[in-house]
>>> print(open('coords21.cif').read())   # mmCIF, C-alpha atoms
data_coords
loop_
_atom_site.label_atom_id
_atom_site.label_comp_id
_atom_site.auth_asym_id
_atom_site.auth_seq_id
_atom_site.Cartn_x
_atom_site.Cartn_y
_atom_site.Cartn_z
CA MET A 1 -82.79 -52.40 14.51
CA THR A 2 -80.26 -52.05 11.73
CA GLY A 3 -80.61 -50.58 8.29
CA SER A 4 -79.32 -48.38 5.50
CA LYS A 5 -81.09 -45.29 4.18
CA ALA A 6 -79.86 -44.83 0.62
CA ALA A 7 -80.21 -45.71 -3.02
CA SER A 8 -77.29 -46.99 -5.07
CA THR A 9 -75.05 -44.18 -6.32
CA ARG A 10 -72.36 -44.30 -8.97
CA VAL A 11 -68.81 -43.64 -7.78
CA ASP A 12 -67.02 -40.71 -9.42
CA THR A 13 -63.44 -41.86 -9.96
CA SER A 14 -62.43 -38.81 -11.99
CA ARG A 15 -61.60 -36.75 -8.90
CA PRO A 16 -60.43 -37.65 -5.40
CA HIS A 17 -62.76 -37.83 -2.43
CA PRO A 18 -61.56 -36.92 1.10
CA ALA A 19 -62.85 -40.18 2.60
CA ARG A 20 -60.89 -42.25 0.08
CA VAL A 21 -57.73 -40.15 0.48
CA TYR A 22 -58.05 -40.67 4.22
CA ASP A 23 -58.55 -44.40 3.60
CA TRP A 24 -55.24 -44.54 1.71
CA TRP A 25 -53.42 -42.79 4.56
CA LEU A 26 -54.84 -45.36 6.99
CA GLY A 27 -53.61 -48.20 4.80
CA GLY A 28 -57.03 -49.10 3.39
CA LYS A 29 -57.80 -50.60 -0.02
CA ASP A 30 -61.03 -48.76 -0.84
CA ASN A 31 -59.55 -45.96 -2.91
CA TYR A 32 -58.74 -45.25 -6.53
CA PRO A 33 -55.56 -44.10 -8.34
CA VAL A 34 -56.81 -40.50 -8.28
CA ASP A 35 -57.15 -40.70 -4.48
CA GLU A 36 -53.73 -42.30 -4.05
CA GLU A 37 -52.13 -39.67 -6.28
CA LEU A 38 -53.45 -36.83 -4.13
CA ALA A 39 -52.65 -38.68 -0.89
CA ARG A 40 -49.03 -39.17 -1.99
CA LYS A 41 -48.67 -35.54 -3.08
CA ILE A 42 -49.88 -34.30 0.29
CA LEU A 43 -47.71 -36.79 2.15
CA ALA A 44 -44.68 -35.50 0.22
CA VAL A 45 -45.18 -31.95 1.54
CA ASP A 46 -46.72 -32.76 4.93
CA GLY A 47 -45.15 -35.68 6.71
CA THR A 48 -47.65 -35.40 9.57
CA VAL A 49 -50.67 -36.71 7.68
CA LEU A 50 -50.24 -40.41 8.46
CA ARG A 51 -49.89 -39.90 12.19
CA GLY A 52 -52.63 -37.26 11.97
CA ALA A 53 -55.05 -39.79 10.49
CA ARG A 54 -54.23 -42.26 13.25
CA ALA A 55 -54.45 -39.56 15.94
CA ASN A 56 -57.90 -38.52 14.69
CA ARG A 57 -59.17 -42.09 14.96
CA ARG A 58 -57.86 -42.46 18.50
CA PHE A 59 -59.39 -39.12 19.48
CA MET A 60 -62.76 -40.30 18.19
CA HIS A 61 -62.47 -43.43 20.31
CA ARG A 62 -61.65 -41.46 23.47
CA ALA A 63 -64.33 -38.82 22.88
CA VAL A 64 -67.07 -41.36 22.15
CA ARG A 65 -66.10 -43.40 25.18
CA THR A 66 -66.23 -40.24 27.30
CA ALA A 67 -69.74 -39.43 26.05
CA ALA A 68 -70.95 -43.00 26.52
CA GLU A 69 -69.55 -43.18 30.05
CA ALA A 70 -71.38 -39.92 30.79
CA GLY A 71 -74.67 -41.61 29.88
CA ILE A 72 -75.11 -40.73 26.17
CA ARG A 73 -76.86 -43.56 24.35
CA GLN A 74 -77.39 -41.94 20.92
CA PHE A 75 -74.64 -41.06 18.44
CA LEU A 76 -74.70 -39.32 15.04
CA ASP A 77 -71.40 -39.52 13.16
CA ILE A 78 -71.30 -37.27 10.08
CA GLY A 79 -68.52 -37.79 7.55
CA THR A 80 -67.89 -41.24 8.97
CA GLY A 81 -65.62 -42.31 6.10
CA ILE A 82 -64.74 -45.84 5.07
CA PRO A 83 -64.99 -48.31 7.99
CA THR A 84 -61.87 -48.83 10.08
CA GLU A 85 -62.15 -51.00 13.18
CA PRO A 86 -62.86 -50.33 15.92
CA ASN A 87 -65.55 -48.04 14.58
CA LEU A 88 -67.70 -45.62 16.54
CA HIS A 89 -70.55 -48.06 17.14
CA GLN A 90 -68.14 -50.64 18.53
CA VAL A 91 -66.75 -48.11 21.01
CA ALA A 92 -70.17 -46.80 22.08
CA GLN A 93 -71.81 -50.22 22.31
CA GLY A 94 -68.74 -51.53 24.11
CA VAL A 95 -69.67 -49.16 26.93
CA ALA A 96 -73.46 -49.57 26.67
CA THR A 97 -74.85 -52.30 24.44
CA GLU A 98 -78.14 -50.44 23.98
CA SER A 99 -76.49 -47.47 22.25
CA LYS A 100 -78.02 -46.30 18.97
CA VAL A 101 -75.61 -45.13 16.26
CA VAL A 102 -76.29 -43.43 12.92
CA TYR A 103 -73.48 -43.01 10.42
CA ALA A 104 -73.78 -40.41 7.62
CA ASP A 105 -71.57 -39.82 4.61
CA ASN A 106 -71.90 -38.71 0.99
CA ASP A 107 -69.30 -41.06 -0.53
CA PRO A 108 -70.83 -43.96 -2.50
CA ILE A 109 -67.89 -46.15 -1.43
CA VAL A 110 -69.08 -45.78 2.15
CA LEU A 111 -72.58 -46.71 0.97
CA ARG A 112 -71.18 -49.95 -0.43
CA HIS A 113 -69.75 -50.72 3.00
CA ALA A 114 -72.97 -49.85 4.85
CA GLN A 115 -73.77 -53.46 5.65
CA ALA A 116 -70.34 -53.89 7.22
CA LEU A 117 -71.20 -51.00 9.53
CA LEU A 118 -74.46 -52.54 10.64
CA HIS A 119 -73.19 -55.40 12.77
CA GLY A 120 -73.83 -53.86 16.16
CA THR A 121 -75.31 -55.31 19.31
CA ALA A 122 -78.74 -56.91 19.44
CA GLU A 123 -79.74 -54.46 22.16
CA GLY A 124 -78.73 -51.34 20.23
CA SER A 125 -78.96 -50.21 16.61
CA THR A 126 -76.53 -49.17 13.90
CA THR A 127 -77.86 -47.38 10.83
CA TYR A 128 -76.34 -45.65 7.79
CA VAL A 129 -77.64 -42.52 6.06
CA HIS A 130 -76.32 -41.58 2.62
CA ALA A 131 -76.44 -37.77 2.71
CA ASP A 132 -74.24 -34.70 2.51
CA VAL A 133 -73.55 -32.71 5.69
CA ARG A 134 -74.80 -29.57 3.89
CA ASP A 135 -78.22 -31.18 3.31
CA ILE A 136 -79.22 -30.87 6.94
CA ASP A 137 -82.95 -31.48 6.41
CA THR A 138 -82.39 -34.78 4.58
CA LEU A 139 -79.68 -35.95 6.93
CA LEU A 140 -81.54 -35.19 10.15
CA GLY A 141 -84.84 -36.29 8.66
CA GLN A 142 -83.43 -39.76 8.03
CA ALA A 143 -81.40 -39.86 11.25
CA CYS A 144 -84.50 -39.17 13.35
CA GLU A 145 -85.98 -42.46 12.14
CA SER A 146 -83.44 -44.13 14.41
CA LEU A 147 -82.59 -41.42 16.96
CA ASP A 148 -84.85 -39.49 19.31
CA PHE A 149 -83.70 -35.87 19.12
CA ALA A 150 -85.78 -35.04 22.18
CA GLU A 151 -83.09 -36.93 24.11
CA PRO A 152 -79.32 -36.18 24.19
CA VAL A 153 -77.24 -37.14 21.17
CA ALA A 154 -73.47 -37.10 20.68
CA LEU A 155 -72.83 -35.40 17.33
CA SER A 156 -69.43 -36.27 15.85
CA LEU A 157 -67.77 -34.45 12.94
CA VAL A 158 -64.18 -35.65 13.13
CA ALA A 159 -61.80 -34.24 10.49
CA LEU A 160 -64.70 -32.84 8.46
CA THR A 161 -65.05 -29.10 9.03
CA HIS A 162 -61.78 -28.30 7.22
CA TYR A 163 -63.52 -29.32 3.99
CA LEU A 164 -66.25 -26.71 4.54
CA GLY A 165 -65.91 -22.97 3.92
CA ASP A 166 -67.28 -20.22 6.12
CA ASP A 167 -68.67 -17.95 3.40
CA PRO A 168 -72.36 -17.29 4.27
CA ASP A 169 -73.16 -17.62 0.57
CA GLY A 170 -71.30 -20.93 0.37
CA ASP A 171 -70.99 -23.74 2.90
CA ASP A 172 -71.51 -21.34 5.83
CA VAL A 173 -69.87 -23.87 8.14
CA TYR A 174 -70.54 -21.86 11.31
CA GLY A 175 -74.20 -21.43 10.43
CA LEU A 176 -74.41 -25.09 9.47
CA LEU A 177 -72.92 -26.28 12.77
CA GLY A 178 -75.25 -23.90 14.58
CA LYS A 179 -78.27 -25.53 12.95
CA TYR A 180 -77.09 -29.00 13.90
CA VAL A 181 -76.47 -27.96 17.49
CA ALA A 182 -79.88 -26.25 17.61
CA ALA A 183 -81.48 -29.58 16.70
CA LEU A 184 -79.86 -31.29 19.68
CA ALA A 185 -81.46 -31.64 23.11
CA PRO A 186 -79.77 -30.20 26.20
CA GLY A 187 -77.18 -32.62 27.51
CA SER A 188 -75.99 -33.46 23.99
CA TYR A 189 -72.32 -33.53 23.03
CA LEU A 190 -70.43 -32.02 20.08
CA ILE A 191 -67.20 -33.84 19.07
CA LEU A 192 -64.93 -32.05 16.58
CA SER A 193 -61.41 -32.11 15.17
CA GLN A 194 -59.99 -29.78 12.54
CA VAL A 195 -56.68 -29.25 10.69
CA THR A 196 -54.91 -26.05 11.75
CA PRO A 197 -52.12 -23.97 10.20
CA ASP A 198 -50.97 -22.89 13.67
CA LEU A 199 -48.57 -25.77 14.33
CA SER A 200 -47.05 -26.38 10.88
CA PRO A 201 -47.96 -23.42 8.63
CA GLU A 202 -45.77 -24.07 5.59
CA ALA A 203 -46.62 -27.76 5.28
CA ILE A 204 -50.34 -27.16 5.78
CA GLU A 205 -50.38 -24.41 3.13
CA LYS A 206 -48.72 -26.76 0.63
CA ALA A 207 -51.16 -29.53 1.49
CA ALA A 208 -54.11 -27.13 1.16
CA ASN A 209 -52.89 -26.09 -2.28
CA HIS A 210 -52.79 -29.72 -3.41
CA PHE A 211 -56.33 -30.27 -2.16
CA ARG A 212 -57.60 -27.15 -3.90
CA ARG A 213 -55.89 -27.94 -7.21
CA SER A 214 -57.54 -31.37 -7.10
CA GLY A 215 -60.96 -29.72 -6.81
CA THR A 216 -61.33 -30.36 -3.07
CA PRO A 217 -61.84 -27.18 -1.02
CA PHE A 218 -59.71 -27.12 2.12
CA PHE A 219 -59.90 -24.65 5.01
CA PRO A 220 -57.36 -25.05 7.83
CA ARG A 221 -58.38 -22.94 10.84
CA SER A 222 -56.62 -21.20 13.69
CA LEU A 223 -57.28 -21.91 17.35
CA ALA A 224 -59.67 -18.96 17.58
CA GLU A 225 -61.50 -19.98 14.40
CA PHE A 226 -61.87 -23.59 15.55
CA SER A 227 -62.93 -22.57 19.07
CA ARG A 228 -65.77 -20.57 17.53
CA PHE A 229 -67.55 -23.85 16.69
CA PHE A 230 -68.13 -24.36 20.41
CA ALA A 231 -69.67 -20.96 21.10
CA GLY A 232 -72.50 -21.24 23.62
CA LEU A 233 -71.51 -24.76 24.65
CA GLU A 234 -69.77 -26.04 27.77
CA LEU A 235 -66.30 -27.29 26.85
CA LEU A 236 -65.12 -30.45 28.55
CA GLY A 237 -61.62 -30.38 30.00
CA PRO A 238 -58.93 -29.93 28.82
CA GLY A 239 -60.75 -27.68 26.34
CA VAL A 240 -59.65 -27.07 22.75
CA ILE A 241 -56.21 -28.60 22.41
CA PRO A 242 -53.96 -30.37 19.86
CA VAL A 243 -55.53 -33.74 19.17
CA TYR A 244 -52.88 -35.84 20.92
CA GLY A 245 -53.49 -33.99 24.17
CA TRP A 246 -57.23 -34.49 24.51
CA ARG A 247 -57.48 -36.88 27.48
CA PRO A 248 -54.59 -38.98 26.16
CA GLU A 249 -54.15 -42.66 26.89
CA PRO A 250 -50.70 -44.30 27.10
CA GLU A 251 -50.72 -45.04 23.36
CA ASP A 252 -51.32 -41.36 22.61
CA VAL A 253 -48.60 -40.21 24.97
CA ALA A 254 -46.16 -42.57 23.26
CA ALA A 255 -47.27 -41.40 19.81
CA GLN A 256 -46.44 -37.79 20.67
CA ALA A 257 -42.77 -38.72 20.36
CA GLU A 258 -43.34 -39.15 16.60
CA GLY A 259 -43.82 -35.38 16.26
CA ILE A 260 -46.55 -32.79 16.04
CA VAL A 261 -49.98 -33.32 14.52
CA PRO A 262 -51.46 -30.02 13.24
CA VAL A 263 -54.99 -30.84 14.31
CA TYR A 264 -57.12 -29.31 17.07
CA ALA A 265 -59.76 -31.29 18.91
CA GLY A 266 -62.50 -30.52 21.38
CA VAL A 267 -65.65 -31.89 22.96
CA ALA A 268 -68.44 -29.75 24.37
CA ARG A 269 -71.80 -30.26 26.04
CA LYS A 270 -75.01 -28.41 25.27
CA VAL A 271 -76.48 -27.04 28.49
#
>>> encode(input="coords21.cif", output="structure tokens")
Amino acid sequence: MTGSKAASTRVDTSRPHPARVYDWWLGGKDNYPVDEELARKILAVDGTVLRGARANRRFMHRAVRTAAEAGIRQFLDIGTGIPTEPNLHQVAQGVATESKVVYADNDPIVLRHAQALLHGTAEGSTTYVHADVRDIDTLLGQACESLDFAEPVALSLVALTHYLGDDPDGDDVYGLLGKYVAALAPGSYLILSQVTPDLSPEAIEKAANHFRRSGTPFFPRSLAEFSRFFAGLELLGPGVIPVYGWRPEPEDVAAQAEGIVPVYAGVARKV
């Protein structure tokens, strides 16, 4: 089964969107001048962002493959962004053709690409939900039309949490993640990566200021702050670590020679 759960939404080109900024860094064409302007400003003060975008994608591939090889057959990817091959469903269904994948994002540009996301295997399913991560009832309500939350699910939020604040009266990112994890069955996986100020503090502060001045909240987090997302879960080895170092493949080892990437990554299992 394939499908898209959304109505057409007008694209706001008056302000940048993280998914489109990220698309520009990855060399994509689905962005607007306002997105390119912010992407270039951040690149000028933080030379790590291009390799960081690539490192995040490779981490997602490795983490999803790890979950699929462990027997997970359901995947929910929130903040999926604009499609870049190989995408999550291609990795998961490359391990097990029967895997079911739901993508979720709030960017109308991603909505326009939904059909491109839906070419999965005949045995599995690939579905798109147009919803904001903060609207947990809507997002999970639509996702459960394709996924069975009584069975394990791999929940992926790669390079997303640094756009969410931790104020309980605001985004309440820790409470939000807690609600998502609570909805998962035992045996489920949580896949996360997050920008940190620990490894390149001056550059990250300048980049954060550019994001904030553009109207995009940005919250880099320390190792302790990021690790808190995994409270109560069983971390997979090697634990919370800079993104290059999470179960690296030869390409990742070679990429480390390019320099640091100020991003932490981790994968944990709900027991």
>>> resolve_selection(input="coords21.cif", expression="the PyMOL selection byres ((chain A and resi 243) around 12)", output="NGL selection string")
:A and (51-63 or 158-159 or 191-196 or 199 or 238-242 or 244-249 or 252-253 or 255-256 or 260-267)
>>> write_last_selection(input="coords21.cif", atoms="C-alpha atoms", output="tab-separated table (two decimals), in the coordinates of the input")
chain	number	residue	atom	x	y	z
A	51	ARG	CA	-49.89	-39.90	12.19
A	52	GLY	CA	-52.63	-37.26	11.97
A	53	ALA	CA	-55.05	-39.79	10.49
A	54	ARG	CA	-54.23	-42.26	13.25
A	55	ALA	CA	-54.45	-39.56	15.94
A	56	ASN	CA	-57.90	-38.52	14.69
A	57	ARG	CA	-59.17	-42.09	14.96
A	58	ARG	CA	-57.86	-42.46	18.50
A	59	PHE	CA	-59.39	-39.12	19.48
A	60	MET	CA	-62.76	-40.30	18.19
A	61	HIS	CA	-62.47	-43.43	20.31
A	62	ARG	CA	-61.65	-41.46	23.47
A	63	ALA	CA	-64.33	-38.82	22.88
A	158	VAL	CA	-64.18	-35.65	13.13
A	159	ALA	CA	-61.80	-34.24	10.49
A	191	ILE	CA	-67.20	-33.84	19.07
A	192	LEU	CA	-64.93	-32.05	16.58
A	193	SER	CA	-61.41	-32.11	15.17
A	194	GLN	CA	-59.99	-29.78	12.54
A	195	VAL	CA	-56.68	-29.25	10.69
A	196	THR	CA	-54.91	-26.05	11.75
A	199	LEU	CA	-48.57	-25.77	14.33
A	238	PRO	CA	-58.93	-29.93	28.82
A	239	GLY	CA	-60.75	-27.68	26.34
A	240	VAL	CA	-59.65	-27.07	22.75
A	241	ILE	CA	-56.21	-28.60	22.41
A	242	PRO	CA	-53.96	-30.37	19.86
A	244	TYR	CA	-52.88	-35.84	20.92
A	245	GLY	CA	-53.49	-33.99	24.17
A	246	TRP	CA	-57.23	-34.49	24.51
A	247	ARG	CA	-57.48	-36.88	27.48
A	248	PRO	CA	-54.59	-38.98	26.16
A	249	GLU	CA	-54.15	-42.66	26.89
A	252	ASP	CA	-51.32	-41.36	22.61
A	253	VAL	CA	-48.60	-40.21	24.97
A	255	ALA	CA	-47.27	-41.40	19.81
A	256	GLN	CA	-46.44	-37.79	20.67
A	260	ILE	CA	-46.55	-32.79	16.04
A	261	VAL	CA	-49.98	-33.32	14.52
A	262	PRO	CA	-51.46	-30.02	13.24
A	263	VAL	CA	-54.99	-30.84	14.31
A	264	TYR	CA	-57.12	-29.31	17.07
A	265	ALA	CA	-59.76	-31.29	18.91
A	266	GLY	CA	-62.50	-30.52	21.38
A	267	VAL	CA	-65.65	-31.89	22.96
>>> closest_residue(input="coords21.cif", among="A:His113, A:Arg228, A:Arg40, A:Leu157", to="Gly175 of chain A", atoms="all atoms listed in the file")
A:Arg228
>>> atom_distance(input="coords21.cif", atom1="atom CA of Gln142 of chain A", atom2="atom CA of Ala182 of chain A")
16.9 Å
>>> resolve_selection(input="coords21.cif", expression="the PyMOL selection byres ((chain A and resi 35) around 12)", output="PyMOL selection string")
chain A and resi 12-25+28-34+36-42+210-211+214-216
>>> resolve_selection(input="coords21.cif", expression="the PyMOL selection byres ((chain A and resi 96-108) around 6)", output="list in words")
Thr9, Val11, Arg73, Gln74, Phe75, Leu76, Asp77, Ile78, Gly79, Thr80, His89, Gln93, Gly94, Val95, Ile109, Val110, Leu111, Thr121, Glu123, Gly124, Ser125, Thr126, Thr127, Tyr128, Val129, His130, Ala131 and Asp132 of chain A
>>> write_last_selection(input="coords21.cif", atoms="C-alpha atoms", output="tab-separated table (two decimals), in the coordinates of the input")
chain	number	residue	atom	x	y	z
A	9	THR	CA	-75.05	-44.18	-6.32
A	11	VAL	CA	-68.81	-43.64	-7.78
A	73	ARG	CA	-76.86	-43.56	24.35
A	74	GLN	CA	-77.39	-41.94	20.92
A	75	PHE	CA	-74.64	-41.06	18.44
A	76	LEU	CA	-74.70	-39.32	15.04
A	77	ASP	CA	-71.40	-39.52	13.16
A	78	ILE	CA	-71.30	-37.27	10.08
A	79	GLY	CA	-68.52	-37.79	7.55
A	80	THR	CA	-67.89	-41.24	8.97
A	89	HIS	CA	-70.55	-48.06	17.14
A	93	GLN	CA	-71.81	-50.22	22.31
A	94	GLY	CA	-68.74	-51.53	24.11
A	95	VAL	CA	-69.67	-49.16	26.93
A	109	ILE	CA	-67.89	-46.15	-1.43
A	110	VAL	CA	-69.08	-45.78	2.15
A	111	LEU	CA	-72.58	-46.71	0.97
A	121	THR	CA	-75.31	-55.31	19.31
A	123	GLU	CA	-79.74	-54.46	22.16
A	124	GLY	CA	-78.73	-51.34	20.23
A	125	SER	CA	-78.96	-50.21	16.61
A	126	THR	CA	-76.53	-49.17	13.90
A	127	THR	CA	-77.86	-47.38	10.83
A	128	TYR	CA	-76.34	-45.65	7.79
A	129	VAL	CA	-77.64	-42.52	6.06
A	130	HIS	CA	-76.32	-41.58	2.62
A	131	ALA	CA	-76.44	-37.77	2.71
A	132	ASP	CA	-74.24	-34.70	2.51
>>> closest_residue(input="coords21.cif", among="A:Leu140, A:Ala67, A:Val173, A:Ala224", to="Arg269 of chain A", atoms="all atoms listed in the file")
A:Ala67
>>> atom_distance(input="coords21.cif", atom1="atom CA of Glu234 of chain A", atom2="atom CA of Val271 of chain A")
6.8 Å
>>> closest_residue(input="coords21.cif", among="A:Gly141, A:Gly237, A:Gly71, A:Pro220", to="Lys206 of chain A", atoms="only C-alpha atoms")
A:Pro220
>>> atom_distance(input="coords21.cif", atom1="atom CA of Ala92 of chain A", atom2="atom CA of Ala68 of chain A")
5.9 Å
>>> residues_around(input="coords21.cif", residues="Gly178 of chain A", least_positions_apart="3", cutoff="10 Å", atoms="all atoms listed in the file", output="list in words")
Asp172, Val173, Tyr174, Gly175, Val181, Ala182, Ala183, Phe229, Phe230, Ala231 and Gly232 of chain A
>>> residues_around(input="coords21.cif", residues="Phe218 of chain A", least_positions_apart="2", cutoff="6 Å", atoms="all atoms listed in the file", output="number ranges by chain")
A: 162-163, 208
>>> closest_residue(input="coords21.cif", among="A:Leu43, A:Val91, A:Ala207, A:Leu164", to="Arg134 of chain A", atoms="all atoms listed in the file")
A:Leu164
>>> decode(input="coords21.cif", residues="segment 239-257 of chain A", atoms="C-alpha atoms", output="mmCIF file, in the first residue's frame")
data_model
loop_
_atom_site.group_PDB
_atom_site.id
_atom_site.type_symbol
_atom_site.label_atom_id
_atom_site.label_comp_id
_atom_site.auth_asym_id
_atom_site.auth_seq_id
_atom_site.Cartn_x
_atom_site.Cartn_y
_atom_site.Cartn_z
ATOM 1 C CA GLY A 239 26.397 5.033 22.686
ATOM 2 C CA VAL A 240 26.029 8.780 22.148
ATOM 3 C CA ILE A 241 28.952 9.855 20.001
ATOM 4 C CA PRO A 242 29.894 12.372 17.271
ATOM 5 C CA VAL A 243 27.973 11.389 14.172
ATOM 6 C CA TYR A 244 30.967 10.165 12.156
ATOM 7 C CA GLY A 245 31.811 7.643 14.857
ATOM 8 C CA TRP A 246 28.480 5.838 15.127
ATOM 9 C CA ARG A 247 29.280 2.408 13.655
ATOM 10 C CA PRO A 248 31.281 3.969 10.812
ATOM 11 C CA GLU A 249 31.742 2.360 7.429
ATOM 12 C CA PRO A 250 34.888 2.920 5.321
ATOM 13 C CA GLU A 251 33.345 5.993 3.657
ATOM 14 C CA ASP A 252 32.720 7.557 7.068
ATOM 15 C CA VAL A 253 36.224 6.807 8.293
ATOM 16 C CA ALA A 254 37.636 8.470 5.182
ATOM 17 C CA ALA A 255 35.324 11.473 5.610
ATOM 18 C CA GLN A 256 36.647 12.104 9.118
ATOM 19 C CA ALA A 257 39.837 13.420 7.511
#
